[in-house]
Each structure stands twice: as structure tokens, then as C-alpha cells.
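*Asks:* Input work_1.cif, format and content: mmCIF, C-alpha atoms.
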```cif
data_run
loop_
_atom_site.label_atom_id
_atom_site.label_comp_id
_atom_site.auth_asym_id
_atom_site.auth_seq_id
_atom_site.Cartn_x
_atom_site.Cartn_y
_atom_site.Cartn_z
CA MET A 1 0.00 0.00 0.00
CA ASP A 2 1.62 3.20 -1.17
CA TYR A 3 -0.54 6.31 -0.97
CA GLN A 4 0.94 9.74 -1.62
CA THR A 5 -0.45 13.23 -2.06
CA VAL A 6 1.99 15.08 -4.27
CA LEU A 7 1.97 18.89 -4.21
CA THR A 8 2.32 20.29 -7.70
CA THR A 9 1.39 23.23 -9.94
CA CYS A 10 -1.29 23.14 -12.62
CA THR A 11 0.11 23.06 -16.15
CA TYR A 12 -3.07 24.25 -17.86
CA CYS A 13 -2.37 27.98 -17.69
CA GLY A 14 0.04 30.53 -16.27
CA CYS A 15 -1.98 31.21 -13.07
CA GLY A 16 0.00 28.66 -11.11
CA CYS A 17 -2.73 27.04 -9.04
CA ASN A 18 -1.46 24.42 -6.61
CA PHE A 19 -3.03 21.06 -5.96
CA TYR A 20 -2.26 17.63 -4.64
CA LEU A 21 -2.28 14.69 -6.99
CA GLU A 22 -3.53 11.61 -5.19
CA VAL A 23 -1.25 8.72 -6.12
CA LEU A 24 -2.24 5.20 -5.07
CA ASP A 25 0.29 2.45 -5.80
CA GLY A 26 1.91 4.51 -8.56
CA LYS A 27 -1.35 5.46 -10.27
CA VAL A 28 -2.71 9.02 -10.23
CA ILE A 29 -6.31 8.75 -9.05
CA GLY A 30 -7.41 12.24 -8.07
CA THR A 31 -6.84 15.99 -7.79
CA ILE A 32 -7.32 17.95 -4.56
CA PRO A 33 -6.88 21.75 -4.61
CA CYS A 34 -4.36 23.02 -2.05
CA LYS A 35 -6.14 25.04 0.65
CA THR A 36 -2.97 26.77 1.82
CA SER A 37 -1.84 27.91 -1.63
CA PRO A 38 -1.90 31.72 -1.79
CA THR A 39 -2.71 31.50 -5.52
CA ASN A 40 -5.91 29.46 -5.52
CA GLU A 41 -6.83 29.08 -1.83
CA GLY A 42 -8.40 25.64 -2.23
CA LYS A 43 -10.25 26.44 -5.44
CA LEU A 44 -9.73 25.27 -9.05
CA CYS A 45 -11.36 25.63 -12.45
CA ILE A 46 -12.82 22.65 -14.26
CA LYS A 47 -9.57 21.96 -16.08
CA GLY A 48 -7.51 21.90 -12.90
CA TRP A 49 -9.99 19.58 -11.19
CA ASN A 50 -9.44 17.02 -13.95
CA VAL A 51 -5.66 17.06 -14.32
CA HIS A 52 -5.36 13.49 -13.01
CA GLU A 53 -7.26 12.31 -16.09
CA PHE A 54 -4.78 13.53 -18.67
CA VAL A 55 -1.55 12.67 -16.85
CA GLN A 56 -1.94 8.98 -17.61
CA SER A 57 -4.21 9.23 -20.66
CA PRO A 58 -3.46 6.49 -23.19
CA THR A 59 -3.82 9.08 -25.97
CA ARG A 60 -1.18 11.38 -24.47
CA LEU A 61 1.94 11.84 -26.64
CA THR A 62 4.98 10.55 -24.80
CA THR A 63 7.48 10.77 -27.65
CA PRO A 64 7.99 13.14 -30.59
CA LEU A 65 6.47 12.18 -33.93
CA ILE A 66 7.97 13.00 -37.35
CA ARG A 67 5.99 12.64 -40.56
CA LYS A 68 7.86 10.31 -42.89
CA ASN A 69 6.43 9.27 -46.24
CA GLY A 70 3.10 10.80 -45.23
CA GLU A 71 2.88 8.92 -41.93
CA LEU A 72 3.61 10.05 -38.38
CA GLN A 73 6.37 7.93 -36.89
CA GLU A 74 7.87 7.89 -33.41
CA ALA A 75 11.25 9.57 -33.12
CA SER A 76 13.83 10.31 -30.42
CA TRP A 77 14.10 13.84 -28.98
CA ASP A 78 17.58 14.23 -30.55
CA GLU A 79 16.26 13.26 -33.95
CA ALA A 80 13.22 15.55 -33.64
CA LEU A 81 15.22 18.56 -32.44
CA ASP A 82 17.91 18.06 -35.11
CA PHE A 83 15.23 17.80 -37.79
CA THR A 84 13.41 20.93 -36.56
CA ALA A 85 16.62 23.00 -36.23
CA LYS A 86 17.81 21.97 -39.68
CA ARG A 87 14.51 22.81 -41.38
CA LEU A 88 14.15 26.15 -39.56
CA GLN A 89 17.70 27.08 -40.59
CA GLU A 90 16.95 26.14 -44.19
CA ILE A 91 13.71 28.14 -44.25
CA ALA A 92 15.37 31.18 -42.63
CA ALA A 93 18.30 31.03 -45.07
CA GLU A 94 15.99 30.75 -48.05
CA ASN A 95 13.22 33.21 -47.11
CA GLY A 96 14.54 35.26 -44.17
CA GLY A 97 13.81 35.00 -40.43
CA GLU A 98 10.51 36.89 -40.84
CA SER A 99 9.12 33.91 -42.74
CA ILE A 100 9.01 31.93 -39.50
CA GLY A 101 6.21 32.45 -36.97
CA PHE A 102 6.45 31.71 -33.24
CA LEU A 103 3.40 30.70 -31.24
CA ALA A 104 4.10 30.92 -27.51
CA SER A 105 2.32 28.98 -24.78
CA ALA A 106 -0.06 29.82 -21.95
CA LYS A 107 1.09 26.68 -20.19
CA VAL A 108 4.66 27.73 -19.48
CA THR A 109 6.24 30.27 -17.15
CA ASN A 110 6.82 33.97 -17.90
CA GLU A 111 10.54 33.25 -18.01
CA GLU A 112 10.12 30.52 -20.60
CA ASN A 113 7.93 32.76 -22.74
CA TYR A 114 10.51 35.55 -22.43
CA LEU A 115 13.22 33.16 -23.57
CA PHE A 116 11.00 32.04 -26.43
CA GLN A 117 10.40 35.54 -27.82
CA LYS A 118 14.08 36.37 -27.33
CA PHE A 119 15.01 33.33 -29.38
CA ALA A 120 12.52 34.44 -32.07
CA ARG A 121 13.73 38.05 -32.25
CA ALA A 122 17.46 37.83 -31.49
CA GLY A 123 18.12 34.26 -32.61
CA VAL A 124 15.99 33.82 -35.71
CA GLY A 125 15.25 37.45 -36.59
CA SER A 126 11.46 37.29 -36.57
CA ASN A 127 8.97 39.62 -34.92
CA ASN A 128 6.15 37.23 -35.72
CA VAL A 129 5.49 36.14 -32.16
CA ASP A 130 1.95 35.41 -31.04
CA HIS A 131 -0.13 33.60 -28.50
CA CYS A 132 -1.06 29.92 -28.65
CA ALA A 133 -4.74 30.88 -28.82
CA ARG A 134 -4.07 31.92 -32.47
CA LEU A 135 -3.36 28.31 -33.36
CA MET B 1 -6.26 59.06 5.78
CA GLU B 2 -5.85 55.30 5.57
CA THR B 3 -5.95 53.40 8.80
CA PHE B 4 -3.63 50.50 9.36
CA THR B 5 -5.33 47.20 10.02
CA GLU B 6 -3.43 44.19 11.12
CA PRO B 7 -3.21 41.59 8.33
CA ALA B 8 -4.71 38.16 8.95
CA GLY B 9 -2.31 35.56 10.24
CA VAL B 10 -0.15 37.93 12.22
CA TRP B 11 0.97 36.70 15.63
CA THR B 12 -0.85 38.42 18.44
CA ASP B 13 -1.07 37.86 22.17
CA SER B 14 -4.28 35.89 21.70
CA CYS B 15 -2.44 33.49 19.35
CA LEU B 16 0.15 32.92 22.01
CA GLN B 17 -2.58 32.15 24.50
CA GLU B 18 -4.37 29.76 22.16
CA LYS B 19 -1.25 27.93 21.05
CA PRO B 20 -0.77 25.67 24.09
CA THR B 21 -4.33 24.29 23.77
CA GLU B 22 -3.81 23.63 20.07
CA SER B 23 -0.49 21.88 20.58
CA ALA B 24 -1.94 19.90 23.50
CA MET B 25 -4.71 18.76 21.14
CA ILE B 26 -2.17 17.59 18.57
CA GLU B 27 -0.24 15.66 21.21
CA ASP B 28 -3.42 13.89 22.34
CA VAL B 29 -4.24 12.89 18.77
CA LYS B 30 -0.67 11.77 18.10
CA ALA B 31 -0.71 9.56 21.20
CA LYS B 32 -4.00 7.96 20.18
CA VAL B 33 -2.89 7.30 16.58
CA LYS B 34 0.50 6.01 17.73
CA GLU B 35 -1.27 3.51 19.97
CA LEU B 36 -3.56 2.41 17.12
CA LEU B 37 -0.67 1.98 14.67
CA GLU B 38 1.62 0.19 17.12
CA SER B 39 -1.08 -2.25 18.23
CA SER B 40 -1.92 -2.93 14.55
CA ALA B 41 -5.53 -1.98 15.29
CA ILE B 42 -5.29 0.04 12.06
CA ASP B 43 -3.21 -0.39 8.89
CA GLY B 44 -2.99 3.33 8.28
CA PHE B 45 -4.32 6.68 9.47
CA VAL B 46 -5.90 9.15 7.07
CA GLY B 47 -5.10 12.58 8.45
CA LEU B 48 -3.36 15.85 7.73
CA ALA B 49 0.36 16.57 7.61
CA GLU B 50 2.34 19.80 7.60
CA ARG B 51 4.70 19.41 4.64
CA ASN B 52 6.60 21.99 2.55
CA GLY B 53 4.89 24.78 4.48
CA HIS B 54 1.45 23.49 3.48
CA VAL B 55 -1.21 21.33 5.11
CA ALA B 56 -1.66 18.15 3.09
CA PRO B 57 -3.93 15.13 3.30
CA HIS B 58 -1.67 12.25 4.30
CA LEU B 59 -1.80 8.51 4.94
CA PHE B 60 0.23 7.82 8.08
CA ARG B 61 1.64 4.29 8.05
CA GLN B 62 4.43 4.54 10.64
CA PRO B 63 4.31 6.14 14.12
CA ASP B 64 7.42 8.24 13.41
CA GLU B 65 5.56 10.05 10.60
CA LEU B 66 3.27 11.56 13.25
CA GLU B 67 5.77 14.38 13.80
CA LEU B 68 4.16 15.92 10.71
CA LEU B 69 0.59 15.69 12.04
CA SER B 70 -1.62 18.75 11.61
CA LEU B 71 -5.23 19.33 12.64
CA GLY B 72 -5.92 21.65 9.71
CA ASP B 73 -5.69 24.92 11.63
CA ARG B 74 -3.64 27.65 9.99
CA GLU B 75 -4.62 31.30 10.29
CA GLN B 76 -7.83 30.29 12.01
CA ALA B 77 -9.29 27.05 13.30
CA GLY B 78 -10.25 24.55 10.62
CA ASP B 79 -9.24 26.68 7.62
CA ALA B 80 -7.19 23.87 6.07
CA ARG B 81 -9.66 21.00 6.21
CA TYR B 82 -9.75 18.37 3.48
CA PRO B 83 -12.32 15.75 2.43
CA LEU B 84 -10.56 12.95 4.30
CA ASN B 85 -13.57 10.61 4.08
CA LYS B 86 -13.34 10.84 0.30
CA LEU B 87 -9.71 9.71 0.43
CA LEU B 88 -10.73 6.98 2.83
CA ILE B 89 -13.31 5.65 0.35
CA ASN B 90 -10.60 5.45 -2.35
CA LEU B 91 -8.31 3.54 0.00
CA ALA B 92 -11.06 1.26 1.24
CA CYS B 93 -12.01 0.38 -2.36
CA ALA B 94 -8.40 -0.59 -3.14
CA TYR B 95 -7.80 -2.35 0.19
CA PRO B 96 -11.17 -3.69 1.36
CA ASP B 97 -9.61 -5.97 3.99
CA SER B 98 -7.62 -3.20 5.67
CA THR B 99 -8.79 -1.12 8.61
CA PHE B 100 -8.08 2.61 8.56
CA GLY B 101 -8.12 5.28 11.19
CA VAL B 102 -9.35 8.70 10.10
CA LEU B 103 -9.20 12.18 11.61
CA VAL B 104 -12.75 13.43 12.15
CA ARG B 105 -14.47 16.57 13.33
CA GLY B 106 -18.19 16.54 14.12
CA CYS B 107 -19.13 16.96 10.45
CA ASP B 108 -16.72 14.24 9.29
CA GLU B 109 -18.17 11.78 11.78
CA ARG B 110 -21.69 12.61 10.58
CA GLY B 111 -20.28 11.84 7.13
CA LEU B 112 -18.97 8.45 8.22
CA LYS B 113 -22.29 7.50 9.80
CA THR B 114 -24.12 8.48 6.62
CA LEU B 115 -21.62 6.73 4.35
CA TYR B 116 -22.20 3.51 6.32
CA THR B 117 -25.93 3.72 5.57
CA TRP B 118 -25.12 4.28 1.86
CA ASN B 119 -22.84 1.18 1.94
CA GLN B 120 -19.79 3.20 0.91
CA LEU B 121 -17.71 2.22 3.94
CA HIS B 122 -17.80 -0.63 6.43
CA ARG B 123 -18.25 0.48 10.01
CA ASP B 124 -15.93 -2.28 11.30
CA LYS B 125 -13.11 -1.23 8.97
CA VAL B 126 -13.02 2.41 10.11
CA VAL B 127 -11.64 3.79 13.39
CA PRO B 128 -12.56 7.48 13.78
CA VAL B 129 -10.15 9.62 15.80
CA GLY B 130 -12.20 12.65 16.75
CA ILE B 131 -11.44 16.24 17.62
CA ALA B 132 -13.91 18.83 18.89
CA CYS B 133 -14.04 22.18 17.09
CA PRO B 134 -13.54 25.42 19.02
CA GLN B 135 -16.51 27.75 19.51
CA ASP B 136 -15.44 30.26 16.84
CA LEU B 137 -15.35 27.55 14.16
CA ALA B 138 -18.67 26.10 15.35
CA ASP B 139 -20.21 29.58 15.08
CA ARG B 140 -18.74 30.30 11.64
CA CYS B 141 -20.03 26.95 10.38
CA GLU B 142 -23.42 27.29 12.13
CA CYS B 143 -22.72 23.69 13.09
CA ALA B 144 -25.49 21.51 14.52
CA GLN B 145 -22.97 19.39 16.43
CA PRO B 146 -19.37 20.69 16.36
CA PHE B 147 -17.88 17.57 17.94
CA PRO B 148 -17.77 13.80 17.32
CA ASP B 149 -19.26 11.33 19.81
CA ASN B 150 -16.02 10.59 21.64
CA PRO B 151 -13.46 13.31 20.93
CA VAL B 152 -9.85 12.46 21.71
CA ALA B 153 -8.99 16.14 21.97
CA GLY B 154 -10.64 19.53 22.33
CA GLU B 155 -13.58 20.77 24.37
CA LYS B 156 -17.12 20.44 23.10
CA ALA B 157 -18.42 23.77 21.79
CA LYS B 158 -22.08 24.82 21.74
CA PRO B 159 -24.10 24.00 18.58
CA HIS B 160 -25.21 26.95 16.44
CA GLU B 161 -28.55 27.70 14.75
CA PHE B 162 -28.77 27.84 10.92
CA GLY B 163 -28.94 31.66 10.94
CA SER B 164 -28.00 31.97 7.26
CA VAL B 165 -31.13 30.00 6.27
CA ASP B 166 -33.33 32.30 8.37
CA THR B 167 -31.81 35.39 6.72
CA VAL B 168 -32.69 34.11 3.24
CA GLU B 169 -36.15 33.03 4.36
CA GLU B 170 -36.94 36.52 5.57
CA MET B 171 -37.09 37.58 1.90
CA ASN B 172 -40.41 37.21 0.05
CA THR B 173 -40.57 34.62 -2.74
CA PRO B 174 -39.70 36.85 -5.73
CA GLU B 175 -36.83 38.42 -3.77
CA ARG B 176 -35.57 35.05 -2.71
CA PHE B 177 -35.75 33.68 -6.25
CA ALA B 178 -33.89 36.73 -7.57
CA TYR B 179 -31.27 36.31 -4.85
CA TRP B 180 -30.54 32.71 -5.73
CA MET B 181 -30.61 33.35 -9.49
CA GLN B 182 -28.07 36.12 -9.00
CA GLU B 183 -25.86 33.78 -6.99
CA PHE B 184 -26.19 30.93 -9.51
CA GLU B 185 -25.31 33.28 -12.40
CA LYS B 186 -21.80 33.56 -10.95
CA CYS B 187 -21.18 29.83 -11.40
CA ILE B 188 -18.22 28.97 -13.63
CA LYS B 189 -19.31 25.33 -13.65
CA CYS B 190 -16.04 23.97 -12.32
CA TYR B 191 -17.96 21.13 -10.63
CA GLY B 192 -15.72 21.82 -7.62
CA CYS B 193 -18.70 21.56 -5.23
CA ARG B 194 -19.29 18.04 -6.46
CA ASP B 195 -15.65 17.05 -6.82
CA VAL B 196 -14.66 18.08 -3.29
CA CYS B 197 -17.81 16.62 -1.69
CA PRO B 198 -17.07 13.64 0.55
CA MET B 199 -20.68 12.52 0.14
CA CYS B 200 -20.63 12.54 -3.71
CA PHE B 201 -19.70 9.00 -4.67
CA CYS B 202 -21.93 8.16 -7.67
CA LYS B 203 -20.20 6.54 -10.65
CA GLU B 204 -22.51 8.43 -13.00
CA CYS B 205 -23.45 12.02 -12.20
CA THR B 206 -26.74 13.64 -13.19
CA LEU B 207 -24.91 16.93 -13.63
CA GLU B 208 -23.02 15.40 -16.56
CA ASN B 209 -26.11 13.93 -18.20
CA ASP B 210 -27.13 16.21 -21.06
CA GLU B 211 -30.72 14.93 -21.08
CA LEU B 212 -31.25 15.98 -17.47
CA VAL B 213 -29.03 19.05 -17.11
CA LYS B 214 -27.79 20.85 -20.20
CA THR B 215 -24.01 20.45 -20.45
CA GLY B 216 -21.38 22.42 -22.33
CA THR B 217 -22.45 25.99 -21.57
CA ILE B 218 -21.50 28.66 -19.02
CA PRO B 219 -23.26 29.81 -16.90
CA PRO B 220 -24.98 26.48 -16.31
CA GLU B 221 -28.67 25.95 -16.87
CA ASN B 222 -30.08 27.90 -13.94
CA PRO B 223 -31.53 27.25 -11.48
CA VAL B 224 -31.70 23.58 -12.63
CA PHE B 225 -27.99 22.83 -12.25
CA HIS B 226 -27.71 23.93 -8.63
CA LEU B 227 -31.15 22.78 -7.56
CA THR B 228 -30.49 19.34 -9.06
CA ARG B 229 -27.37 19.07 -6.97
CA ALA B 230 -29.27 20.36 -3.93
CA VAL B 231 -31.93 17.65 -4.34
CA HIS B 232 -29.23 15.02 -4.63
CA MET B 233 -27.77 16.29 -1.34
CA ALA B 234 -30.97 15.29 0.48
CA GLY B 235 -30.08 12.65 3.02
CA ARG B 236 -26.42 12.98 2.09
CA CYS B 237 -25.12 16.46 2.94
CA ILE B 238 -23.67 16.46 6.44
CA ASP B 239 -22.86 20.22 6.34
CA CYS B 240 -19.06 20.10 6.30
CA GLY B 241 -18.97 23.24 4.14
CA LEU B 242 -16.10 22.10 1.92
CA CYS B 243 -18.22 22.86 -1.20
CA GLU B 244 -18.59 26.50 -0.26
CA GLU B 245 -14.87 26.74 0.55
CA ALA B 246 -14.01 25.24 -2.87
CA CYS B 247 -16.36 27.55 -4.80
CA PRO B 248 -14.38 30.11 -6.85
CA ALA B 249 -17.56 32.20 -7.20
CA ASP B 250 -18.43 32.31 -3.48
CA ILE B 251 -21.93 30.94 -4.00
CA PRO B 252 -23.51 30.34 -0.56
CA LEU B 253 -23.97 26.61 -1.24
CA ARG B 254 -23.87 25.74 2.41
CA THR B 255 -26.99 27.79 3.10
CA LEU B 256 -28.77 25.99 0.26
CA TYR B 257 -27.88 22.53 1.56
CA LYS B 258 -28.65 23.50 5.17
CA LYS B 259 -32.18 24.21 3.95
CA VAL B 260 -32.23 20.77 2.29
CA PHE B 261 -31.25 19.27 5.66
CA GLU B 262 -34.19 21.07 7.29
CA ILE B 263 -36.65 19.89 4.63
CA VAL B 264 -35.53 16.25 4.93
CA ASP B 265 -35.84 16.54 8.71
CA GLU B 266 -39.34 18.07 8.56
CA GLU B 267 -40.76 15.86 5.80
CA PHE B 268 -39.15 12.52 6.60
CA ASP B 269 -38.10 12.91 10.22
CA TYR B 270 -34.60 12.07 9.04
CA ARG B 271 -31.69 14.10 10.39
CA THR B 272 -28.81 13.48 8.00
CA GLY B 273 -25.72 12.42 9.90
CA PHE B 274 -27.66 12.01 13.14
CA THR B 275 -30.19 9.34 12.18
CA THR B 276 -28.16 6.16 11.96
CA ASP B 277 -30.71 3.37 12.41
CA ARG B 278 -32.13 3.55 8.88
CA LYS B 279 -31.27 4.46 5.31
CA SER B 280 -31.83 7.99 4.04
CA PRO B 281 -35.25 8.63 2.41
CA LEU B 282 -33.66 8.81 -1.05
CA ASN B 283 -31.66 5.63 -0.50
CA ILE B 284 -34.81 3.59 -0.01
CA ILE B 285 -35.84 4.12 -3.65
CA ASP B 286 -33.68 1.59 -5.47
#
```
Take the structure in this file and express it as C-alpha cells.
*Replies:*
Amino acid sequence: MDYQTVLTTCTYCGCGCNFYLEVLDGKVIGTIPCKTSPTNEGKLCIKGWNVHEFVQSPTRLTTPLIRKNGELQEASWDEALDFTAKRLQEIAAENGGESIGFLASAKVTNEENYLFQKFARAGVGSNNVDHCARL
Amino acid sequence: METFTEPAGVWTDSCLQEKPTESAMIEDVKAKVKELLESSAIDGFVGLAERNGHVAPHLFRQPDELELLSLGDREQAGDARYPLNKLLINLACAYPDSTFGVLVRGCDERGLKTLYTWNQLHRDKVVPVGIACPQDLADRCECAQPFPDNPVAGEKAKPHEFGSVDTVEEMNTPERFAYWMQEFEKCIKCYGCRDVCPMCFCKECTLENDELVKTGTIPPENPVFHLTRAVHMAGRCIDCGLCEEACPADIPLRTLYKKVFEIVDEEFDYRTGFTTDRKSPLNIID
């Protein structure tokens, strides 16, 4: 019998609500909002209340996929990152940095989004940075 | 000119005076749980632990873990309570042969008694370890019985009338309807009231059945959404107030369900959480 309540932060948006994930014998079985969190004070939205459902969802992607010969195939992170970097470099060299758009995420921290736009502007040379809701 | 008011949670002389009682209570509970664990009377104790600066629900398996024990009191008594009976049901489902101890206040024990009648827990597999709530918490909760039958710690406070129900009932019908509609309009339909509820154990929920309550829109179908839940609380709600504490829109759900308690009492002579010799009126229909 191994029962843990693991304090963690919601990944759904940038608010940073805290909750406990109920873990019974290695399986996540429930979400309990943290009463002592100054951010959410024991409250959650509907997405936060259901985090335990997606963590172990069988349809969740656990590895990168690359489309080869018209079909998505599993790939390693090294392979996926190398492929992405190579193609972005090719596109930027051919059409200029402005031809690449960057869609940031509501699910990451401010610092990560800062880094992301910095990479877009200073690294790639594109001002085309927008929010993930434009997807 | 702005006046300075002391922020909540600041140490004052009254805190210093209250502290010994609180710590004495914790020691009494620790001693009781230690005895239960060491004698193997229980396989685990569902309680609260102070970890990482937060109060967390916790399954105590070893006596030395009890150093972390908390009674859920932070800035004021009982402000970090959790639905421990709900956790207990999960554990009991996975380990039906095990016996668990559980930290209970008056409301939690009413919950246990009611859950036994709904066949969600076995009485002989649960050992309640009770604490009595202080008067200020009993008053805030308008609690009908702010203590369990045999508290291990704390002094029994006086019960409190359902004053919030009376206040709403002083309005005339159109006023009262407008009041509740205005409250229900604030709902963001997080289902938090249901999800946190230690008495909500159905596998299928009416609130997710599109034919009974329209799903997929915000605000929810009003007043049907909240009144449906209120009806389903008849013979179940033991007035722990966790729903109202979990509500991001501050809807006075507790007042609504207190009224349901009164109706069930008046119509069926069934006092939810107090009547233990028979099933709840809504449980009989099966």
C-alpha cells in the first residue's frame, strides 16, 4: 500500500494554481486543490480539477512524432530537435527569419515565454510572435 | 487618511494564549494514533500533515511520521480542512480488507455514519479519531454538532442555529428567487462543489447527463444545475462546508444545503448524519 499526495502546480495555464495529486500504488487517481496555496486558496477551475485524467491518458503523446512518407512515426528527442533545427535554418536562409512564426504557450512560465520571444527576435530574426490561442 | 489594520495571520497575544491548547490537542491525537498503529488496530491513518509549508492530506503508516501531524488549523481554526472521508473511500475500495483510522471533526463523523448507511464504507473497517471544534469555528459553520461522539482532543463547543437560512427566508418569494438566481449566475461550472464533496460518490453524475441538465455551456442551466445538486444532497449532505470553501464564485452553497437538511428533517423525520438506524429517504428508492 503506497498512498501519496503530491503537491504540484497546474500546467493548464500561467496562473500557477497548486493542488495535490492523489497517487495510489503509482497510479494518479485524483486531484485535490491546495487550501494553503496563496494562488488558488483551495479552489480550481474545471480543467484543474481534472488534471489526473490527462496525466496517464493512453492518448497522451509521450514521444515526438515526425511525418515520414506521409505517416507520423515515433522519433527520439535528438532526432526531432535536429530535424526541426535543420529545417528552420533552411527556411530562414531561403526566405529570411521573418518567414518563420512563433506561437508561444499559456502553459509555461513567464521566463520561458521571455526566452522564447528572445530566441525568435534575437536568434531567428522574426517579430512574428503570437499567442497559442491563435493556433 | 488610511488606517492601518493588522493583516490576517499575524501573531498576536491571543495566538500565544491559544497555542498551548492547540499543541496539546495535537499531542493527544498523536498519542492515540501512535497507539492504534503500534497495536496494529489500524493499517494506516488518514489525516493531515504539515509538509513543505502546506497542510496536506496524508496517509500515516508509521508512528514516526506523526511528527508531521496537523489538525488543519492555519490562520484560524479549521481553515485547512480536506475531504478525508473521500480519500478513505478510495483507500477502502483498493484495500477492502484493511482497517483505517481517520481524523474526524463533528461533520466528518456525521459523514462516516451516513456513508455507512449508503454502503460506501464498512463500520468495522473504520476507526474514527475525533477532535472537537472550538466555539469560533462552530459559530462560523453554524454547526449543529461541532464535535464527534467521543473526541480524543478539544472541548465540546455549543451548537449553532442555521442563521443563514433564516436570513434568506426573511425575503419574500420573488426576492428570494432573484437572490438565488443572481448567486447561480456567478457559477463557472467547475464542478468543484461536487468534486470536493465527501458525500458525492456516484459513478454516473446527473450533472453530466445532457438529457437531465444541459451540459457544455457557461453559466450552467439555472436554477436547474444547482437545484439538481441540492436535491441530490438530500439525506447525504452532512454540512461540512467544503463545497462553499471550494467555490471560486463564493456561491452560498452551504446555506442551500442547510435548507435541504431542514426539509428532509421536517418531511421525513430524518436528520442526516444524526439518524443512523435507517437508510436515508432517497436511499430507499432503489
*Asks:* Please return as a ChimeraX atom specification every residue within 9 Å of (-5.0, 16.6, -6.4), taking into account all atoms listed in the file and the file's own coordinates.
*Replies:* /A:5-8,18-23,28-34,48-52
*Asks:* Please identify all residues of chain A having at least one atom at most 6 Å from any atom of chain B, considering only C-alpha atoms, and return them as a PyMOL selection string.
*Replies:* chain A and resi 35-36+42-43+45-46
*Asks:* Just give me the gap between CA of Cys107 (chain B) and CA of Gly241 (chain B) in Å, one decimal is fine.
*Replies:*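 These two atoms are separated by 8.9 Å.
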*Asks:* So that I can check the surroundings of region 217-234 of chain B, please list as a short mmCIF file (atom, residue, chain, number, x, y, z; two decimals) with C-alpha atoms, in the frame of the given file every protein, DNA and RNA residue that reaches within 9 Å of it, counting only C-alpha atoms and ignoring chain neighbours fewer than 5 positions away.
*Replies:*
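So result26.cif came out as:
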```cif
data_model
loop_
_atom_site.label_atom_id
_atom_site.label_comp_id
_atom_site.auth_asym_id
_atom_site.auth_seq_id
_atom_site.Cartn_x
_atom_site.Cartn_y
_atom_site.Cartn_z
CA TRP B 180 -30.54 32.71 -5.73
CA MET B 181 -30.61 33.35 -9.49
CA PHE B 184 -26.19 30.93 -9.51
CA GLU B 185 -25.31 33.28 -12.40
CA LYS B 186 -21.80 33.56 -10.95
CA CYS B 187 -21.18 29.83 -11.40
CA ILE B 188 -18.22 28.97 -13.63
CA LYS B 189 -19.31 25.33 -13.65
CA ARG B 194 -19.29 18.04 -6.46
CA MET B 199 -20.68 12.52 0.14
CA CYS B 200 -20.63 12.54 -3.71
CA THR B 206 -26.74 13.64 -13.19
CA LEU B 207 -24.91 16.93 -13.63
CA LEU B 253 -23.97 26.61 -1.24
CA LEU B 256 -28.77 25.99 0.26
CA TYR B 257 -27.88 22.53 1.56
CA VAL B 260 -32.23 20.77 2.29
CA PHE B 261 -31.25 19.27 5.66
CA ILE B 263 -36.65 19.89 4.63
CA VAL B 264 -35.53 16.25 4.93
CA THR B 272 -28.81 13.48 8.00
CA SER B 280 -31.83 7.99 4.04
CA PRO B 281 -35.25 8.63 2.41
CA LEU B 282 -33.66 8.81 -1.05
#
```
*Asks:* Give as a list in words the residues that the PyMOL selection byres ((chain A and resi 3) around 6) matches when applied to the coordinates above.
*Replies:*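 So the PyMOL selection byres ((chain A and resi 3) around 6) ends up selecting Asp2, Gln4, Val23 and Leu24 of chain A.
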*Asks:* Applied to this file, what does the PyMOL selection byres ((chain B and resi 277) around 12) return in terms of residues, put as a ChimeraX atom specification?
*Replies:* /B:113-114,116-118,270-276,278-280
*Asks:* Quote the spacing between CA of Asn172 (chain B) and CA of Asp250 (chain B) in Å to one decimal place.
*Replies:*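 Distance between the two atoms: 22.8 Å.
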*Asks:* Do you know which residues are at most 7 Å from Lys156 (chain B) counting all atoms listed in the file, after dropping those on the same chain fewer than 5 positions away, and could you put them as a list of chain:residue names?
*Replies:*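 Near Lys156 (chain B), the qualifying residues are B:Ala132, B:Cys133, B:Phe147.
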*Asks:* Okay, now the selection with C-alpha atoms, as a PDB file, keeping the file's coordinate frame?
*Replies:*
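Output contents, as saved in out.pdb:
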```pdb
ATOM      1  CA  ALA B 132     -13.910  18.830  18.890  1.00  0.00           C
ATOM      2  CA  CYS B 133     -14.040  22.180  17.090  1.00  0.00           C
ATOM      3  CA  PHE B 147     -17.880  17.570  17.940  1.00  0.00           C
TER       4      PHE B 147
END
```
*Asks:* How far is it from CA of Tyr114 (chain A) to CA of Ala85 (chain A), in Å with one decimal?
*Replies:*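 Atom-to-atom, CA of Tyr114 (chain A) and CA of Ala85 (chain A) are spaced 19.6 Å apart.
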*Asks:* If the PyMOL selection byres ((chain A and resi 120) around 12) were run on this exact file, what residues would it hold? Put them as number ranges by chain.
*Replies:* A: 88, 92, 97-104, 113-119, 121-130
*Asks:* Could you turn the residues from that selection into a file that holds C-alpha atoms, as a CSV table (one decimal), in the frame of the given file?
*Replies:*
```
chain,number,residue,atom,x,y,z
A,88,LEU,CA,14.2,26.2,-39.6
A,92,ALA,CA,15.4,31.2,-42.6
A,97,GLY,CA,13.8,35.0,-40.4
A,98,GLU,CA,10.5,36.9,-40.8
A,99,SER,CA,9.1,33.9,-42.7
A,100,ILE,CA,9.0,31.9,-39.5
A,101,GLY,CA,6.2,32.4,-37.0
A,102,PHE,CA,6.4,31.7,-33.2
A,103,LEU,CA,3.4,30.7,-31.2
A,104,ALA,CA,4.1,30.9,-27.5
A,113,ASN,CA,7.9,32.8,-22.7
A,114,TYR,CA,10.5,35.6,-22.4
A,115,LEU,CA,13.2,33.2,-23.6
A,116,PHE,CA,11.0,32.0,-26.4
A,117,GLN,CA,10.4,35.5,-27.8
A,118,LYS,CA,14.1,36.4,-27.3
A,119,PHE,CA,15.0,33.3,-29.4
A,121,ARG,CA,13.7,38.0,-32.2
A,122,ALA,CA,17.5,37.8,-31.5
A,123,GLY,CA,18.1,34.3,-32.6
A,124,VAL,CA,16.0,33.8,-35.7
A,125,GLY,CA,15.2,37.4,-36.6
A,126,SER,CA,11.5,37.3,-36.6
A,127,ASN,CA,9.0,39.6,-34.9
A,128,ASN,CA,6.2,37.2,-35.7
A,129,VAL,CA,5.5,36.1,-32.2
A,130,ASP,CA,2.0,35.4,-31.0
```
*Asks:* Compute the distance from (-18.4, 16.9, 17.1) to each atom, counting all atoms listed in the file, keep the residues with any atom at most 6 Å away, and return them as a list in words; use the coordinates of the file.
*Replies:*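 Nearby residues: Arg105, Gly106, Ala132, Gln145, Pro146, Phe147 and Pro148 of chain B.
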*Asks:* Between B:Glu262, B:Asp149, B:Glu183, B:Asp73, single out the one closest to Asp166 (chain B), counting all atoms listed in the file.
*Replies:* B:Glu262
*Asks:* Please list as an MDAnalysis selection string every residue within 12 Å of Val126 (chain B), counting all atoms listed in the file and excluding residues in the same chain fewer than 5 positions away.
*Replies:* chainID B and resid 36 41:46 85 88:89 91:92 96:104 109 112:113 115:116 120:121
*Asks:* Which one of A:Ala80, A:Cys10, A:Leu135, A:Leu44 sits closest to Lys107 (chain A) if you count all atoms listed in the file?
*Replies:* A:Cys10
*Asks:* Edge lengths and centre in Å to one decimal, as JSON, is what I'm after for the box along x, y and z that holds all listed atoms of region 94-104 of chain B once 6 Å is added on each side.
*Replies:*
```
{"center_x": -10.2, "center_y": 3.7, "center_z": 4.5, "size_x": 17.1, "size_y": 31.4, "size_z": 27.3}
```
